[in-house]
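Reading through the structure tokens given below for one structure.
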Amino acid sequence: MTPEPDLRDALLAAVPSLRAFAISLSGQVDRADDLVQDTLLRALSNLHRFERGTNLNAWLFTILRNLFHSEYRKRRREVEDPDGSYAGRLKVQPEQGSRLDFEDFRSALAKLPPDQREALLLVGASGFSYEEAAHICGCAVGTIKSRVNRARFRLASLLNVDDVDDLGPDSMTRAALQNSI
């Protein structure tokens with residue numbers, strides 16, 4: 001849609017004022033020129049919304065201001081990374097392994113005898129001392145220590161955990177996370 005000649009002339013006449021306003025908002029000439037261009041494109045594509053007889057400059061300035069604020073909000077969340085070095089340092093461990101490990105843990109925990117499971121959950125998960133757990137279970141402190149120890153060894157056996165390297169991500173995932181650039 002081509003604007004009428006008088007409307008086109010009014011749009012062109014507004015460009016210097018729009019540019020000055022855009023420079024005052026952005027502080028950068030290049031960015032201001034982009035804002036003015038985006039404003040004019042938006043105005044031309046929405047020319048059917050402009051009401052004849054109203055202030056064209058006010059309408060254009062409102063479009064420019066709204067574009068500036070929208071892009072400002074968008075840019076606040078963005079990180080400038082022209083060479084990709086920042087993106088190369090971002091690493092996220094895959095989540096599916098943790099979920100599967102947790103399901104394996106729940107299954108193994110359910111296979112423990114009830115007295116061992118109770119002792120392990122009281123001391124290991126709930127943070128009670130051996131003395132507090134013994135009081136809750138109504139048994140001796142040594143019995144709780146024994147139950148917790150047997151439960152830990154049984155869980156390690158059920159989960160095939162021989163040493164600390166068996167915990168967390170597997171060796172392939174660790175290598176990928178260390179070497180990704």
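Ordering of the structure tokens sets the chain letters (A, B, ...), residue numbers begin anew at 1 in every chain, and ligands are numbered from 1 in the order given.
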Secondary structure check, helix (DSSP H, G or I) residues of stretch 39-166 of chain A, as a ChimeraX atom specification: /A:39-45,47-49,56-76,85-89,96-111,114-125,130-137,141-158,164-166
Distance query A:Asp33 at most 9 Å, only C-alpha atoms, self and fewer than 3 positions along chain excluded, as a ChimeraX atom specification: /A:19,22-23,28-30,36-38
Per residue of stretch 83-137 of chain A within 8 Å of stretch 155-159 of chain A, note the shortest atom pair and the distance in Å to one decimal, counting only C-alpha atoms, and order the rows by chain and increasing residue number, as a tab-separated table.
residue	atom	partner	partner_atom	distance
A:Asp104	CA	A:Leu159	CA	7.2
A:Phe105	CA	A:Leu159	CA	7.2
A:Ala108	CA	A:Leu158	CA	6.0
A:Leu109	CA	A:Leu155	CA	6.8
A:Leu112	CA	A:Leu155	CA	7.7
Spatial neighbours of stretch 62-72 of chain A, max dist 9 Å, only C-alpha atoms, sep filter under 3 positions, as a PyMOL selection string: chain A and resi 18+21-22+25-26+35-36+38-40+42-43+57-59+75-77
Given only C-alpha atoms as the counted atoms, nearest of A:Leu44, A:Val148, A:Leu12, A:Arg31 to A:Tyr130: A:Val148
Nearest to A:Ala140 by atom-to-atom distance, counting only C-alpha atoms, from A:Lys91, A:Ala14, A:Asp81, A:Ala119: A:Ala119
Contact check, stretch 24-129 of chain A to stretch 4-7 of chain A, at most 10 Å, counting only C-alpha atoms, closest pairs as CSV:
residue,atom,partner,partner_atom,distance
A:Leu47,CA,A:Leu7,CA,9.7
A:Arg52,CA,A:Leu7,CA,9.5
A:Leu56,CA,A:Leu7,CA,8.8
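Between atom CA of A:Ser17 and atom CA of A:Leu41 lies a distance of 16.3 Å.
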